[in-house]
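For reference, the structure is listed below as structure tokens.
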Amino acid sequence: MSDMSQGPGWWRASDGRWYPPESHPEYRPPPPGPSVPDAYRGPAVPGPYGPRPDGTSPWTVAPASPVTSGLAIAALVLAILWVGGLGSVVALVLGVVALSKIRSSSGRTVGRGLVRAALVIGAVGLAGAVTLYASAGSVTSPDRQVTVPGPGSVPGPTPGPAASVVIRELTGVPAKVVAAVGVPPLSIVIPPIIKTGQPSLIVAGKPGAVFIGGVFCPYCGAERWAIIMAFSRFGTFSHLEETTSSPWDVYPSTPTFSFQEASYASRYVGLELVEHSGNDVDGPDTSQLLEPLTRQEASLWQRYDDSSGYPFLDIGNRALVLSPSFTPSVLAGLDQLDVAARLSNPNAPSTQGIVGTATYLTAAICAVTGQKPASVCTDPVVKRAAQAMSLVPGQNYVDHIDGGH
């Protein structure tokens, strides 16, 4: 073989001929490299864990390298710059948003120290700006002064028994209101994610669902309204408590309920309610682990959401809520009685969010109970929601987006 016929990576042997690597008489393959173990994304979640799915080792989670929150850095820089108080205001807003994202990232994003510094400097800067403008006559009315709650400046939320009138209004929304709200467009409500080919989820011997949330979490706070409304069509809640989300988080003090002491009974569906994290009690990021997860709960959260945040709602491994279904902003400035009173008005934004989400959840529950009870699952609005999520043959949700109600 001539030199002209050699190709990339060919070897020339002592006999003067050219050989491809695998045919060279002096070629020795390199030794095999070390095996690389499987890795799991996200940080480990507190609670008891069983073996990994392949049974080879304990269920451990290898955390990815954390990154510093850009929002936290921006908040600190703006707090220091001050800019006549404007930088302080923006820093406080960015700090609250950054803290919420850091807390829900399960360790993949860091920067809590930067956020705390930004909040402290921003609050001081804002107070200084208000004092400065007030002394200069720029602020003539106490109503125009801005106050930002700081650690210890407001009491942490204290839960109490849910008022019977609130539960009655929430679980007894008139059919005409449900029909008027209908199946909302994506701009109002995001439907659950639909899974196929998954193993059945059994809770208490029945087709089941699992909710994992945090009391501090405003997104969980909004979702609980719809969860109570939807699951009350199949059973009964007991010992619900009223509370609010954290006053130091984004969408502060969202009116909601706590499932910590609650229980649920139904002939058709089982429901596990876990308040995994408590509320902030003495400033931002002061919540603590409240209820540990069972092995099944931890496995489901890891499998379908990488244990990455709240709220988490798994309905029969068929429908999953992994992000807010509607914005908590529609509940801003309201308390439980206010929200309940608006449930008779289908045009109220809070009613559209709660009732529209509950309709989707109801259709998902019907999909795992075998369409039982028929009095619930044959409702025309519930059937439309099932079609919109492709839970039954028919209209696809993409085709429905422009149709509105």
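A note on labels: chains of the structure tokens are A, B, ... as shown, every chain counts residues from 1, and ligands are counted from 1 in their shown order.
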>> Can you tell me which residues surround A:Glu261 at a distance of at most 8 Å, considering only C-alpha atoms, apart from same-chain residues fewer than 2 positions away, and format the answer as number ranges by chain?
In response: A: 239-241, 258-259, 263
Write a file of the just-selected residues containing C-alpha atoms, as a JSON list (two decimals), in the first residue's frame.
```
[["chain", "number", "residue", "atom", "x", "y", "z"],
["A", 239, "HIS", "CA", -60.47, 20.71, 59.63],
["A", 240, "LEU", "CA", -59.50, 23.22, 56.97],
["A", 241, "GLU", "CA", -57.76, 26.31, 58.32],
["A", 258, "SER", "CA", -53.71, 25.37, 55.23],
["A", 259, "PHE", "CA", -53.97, 21.62, 54.72],
["A", 263, "SER", "CA", -58.33, 15.41, 56.10]]
```
>> Please extract the residues of stretch 95-303 of chain A with a backbone DSSP assignment of helix (DSSP H, G or I) and present them as a ChimeraX atom specification.
In response: /A:95-104,112-135,142-144,164-171,175-181,218-231,295-303
Residues near stretch 192-205 of chain A, cut-off 8 Å, only C-alpha atoms, skip fewer than 4 positions along chain, as a PDB file with C-alpha atoms, in the first residue's frame:
```
ATOM      1  CA  ALA A 209     -53.987  12.195  44.117  1.00  0.00           C
ATOM      2  CA  VAL A 269     -60.769   9.141  45.101  1.00  0.00           C
ATOM      3  CA  GLY A 270     -58.026   9.227  47.725  1.00  0.00           C
ATOM      4  CA  LEU A 271     -56.163  12.456  48.425  1.00  0.00           C
ATOM      5  CA  GLU A 272     -52.922  12.983  50.342  1.00  0.00           C
ATOM      6  CA  ILE A 315     -53.929  13.312  39.959  1.00  0.00           C
ATOM      7  CA  GLY A 316     -53.585   9.600  39.304  1.00  0.00           C
ATOM      8  CA  ASN A 317     -50.255  10.021  37.477  1.00  0.00           C
ATOM      9  CA  ARG A 318     -52.504  11.244  34.667  1.00  0.00           C
ATOM     10  CA  ALA A 319     -52.759  14.999  35.240  1.00  0.00           C
ATOM     11  CA  LEU A 320     -50.037  17.122  36.857  1.00  0.00           C
ATOM     12  CA  VAL A 321     -50.051  20.677  38.181  1.00  0.00           C
ATOM     13  CA  LEU A 322     -46.393  21.758  38.302  1.00  0.00           C
ATOM     14  CA  SER A 325     -52.801  27.478  37.203  1.00  0.00           C
ATOM     15  CA  TYR A 360     -60.013  21.325  34.766  1.00  0.00           C
ATOM     16  CA  LEU A 361     -59.157  19.494  37.997  1.00  0.00           C
ATOM     17  CA  MET A 389     -57.041  18.499  27.693  1.00  0.00           C
ATOM     18  CA  LEU A 391     -58.503  13.289  28.116  1.00  0.00           C
TER      19      LEU A 391
END
```
>> Neighbouring residues of A:Val77 were defined as those with any atom within 12 Å, considering only C-alpha atoms; residues of the same chain fewer than 2 positions away were excluded. Please report them as a list in words.
In response: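 Here the answer would be Gly70, Leu71, Ala72, Ile73, Ala74, Ala75, Ala79, Ile80, Leu81, Trp82, Val83, Gly87, Ser88, Val90, Ala91, Leu92, Leu94, Gly95, Leu114, Val115, Ala117, Ala118, Leu119, Ile121 and Gly122 of chain A.
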> Got a sec to tell me which of stretch 315-358 of chain A DSSP assigns to strand (DSSP E), as number ranges by chain?
Replying inline: A: 315, 319-321
Could those selected residues go to a file with C-alpha atoms, as a short mmCIF file (atom, residue, chain, number, x, y, z; two decimals), in the first residue's frame?
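Output file result-v3.cif follows:
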```
data_model
loop_
_atom_site.label_atom_id
_atom_site.label_comp_id
_atom_site.auth_asym_id
_atom_site.auth_seq_id
_atom_site.Cartn_x
_atom_site.Cartn_y
_atom_site.Cartn_z
CA ILE A 315 -53.93 13.31 39.96
CA ALA A 319 -52.76 15.00 35.24
CA LEU A 320 -50.04 17.12 36.86
CA VAL A 321 -50.05 20.68 38.18
#
```
>> Which residues are near A:Leu170? Cut-off 6 Å, only C-alpha atoms, ignore same chain within fewer than 3 positions. Put them as a list in words.
In response: Ile167, Val173 and Met229 of chain A
>> Can you pull out the residues contacting A:Gly111? Cut-off 9 Å, using only C-alpha atoms, and skip same-chain residues under 5 positions away; I want them as a PyMOL selection string.
In response: chain A and resi 67-70+72-73+98-99+102+116
> Which of these residues is nearest to A:Leu186, using only C-alpha atoms: A:Thr362, A:Ser375, A:Thr158, A:Thr327?
Replying inline: A:Thr327
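Atom CA of A:Phe211 lies 5.7 Å from atom CA of A:Phe312.
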> Which neighbours of A:Val181 fall inside 9 Å, counting only C-alpha atoms, when residues of the same chain fewer than 6 positions from it are skipped, and could you give them as an NGL selection string?
Replying inline: :A and (346-347 or 351-353 or 355-356 or 405)
> What does the distance between atom CA of A:Ala386 and atom CA of A:Ser344 come to in Å, to one decimal place?
Replying inline: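 About the pair atom CA of A:Ala386 and atom CA of A:Ser344: they are 23.9 Å apart.
When atom CA of A:Leu290 is paired with atom CA of A:Glu275, their separation reads 6.4 Å.
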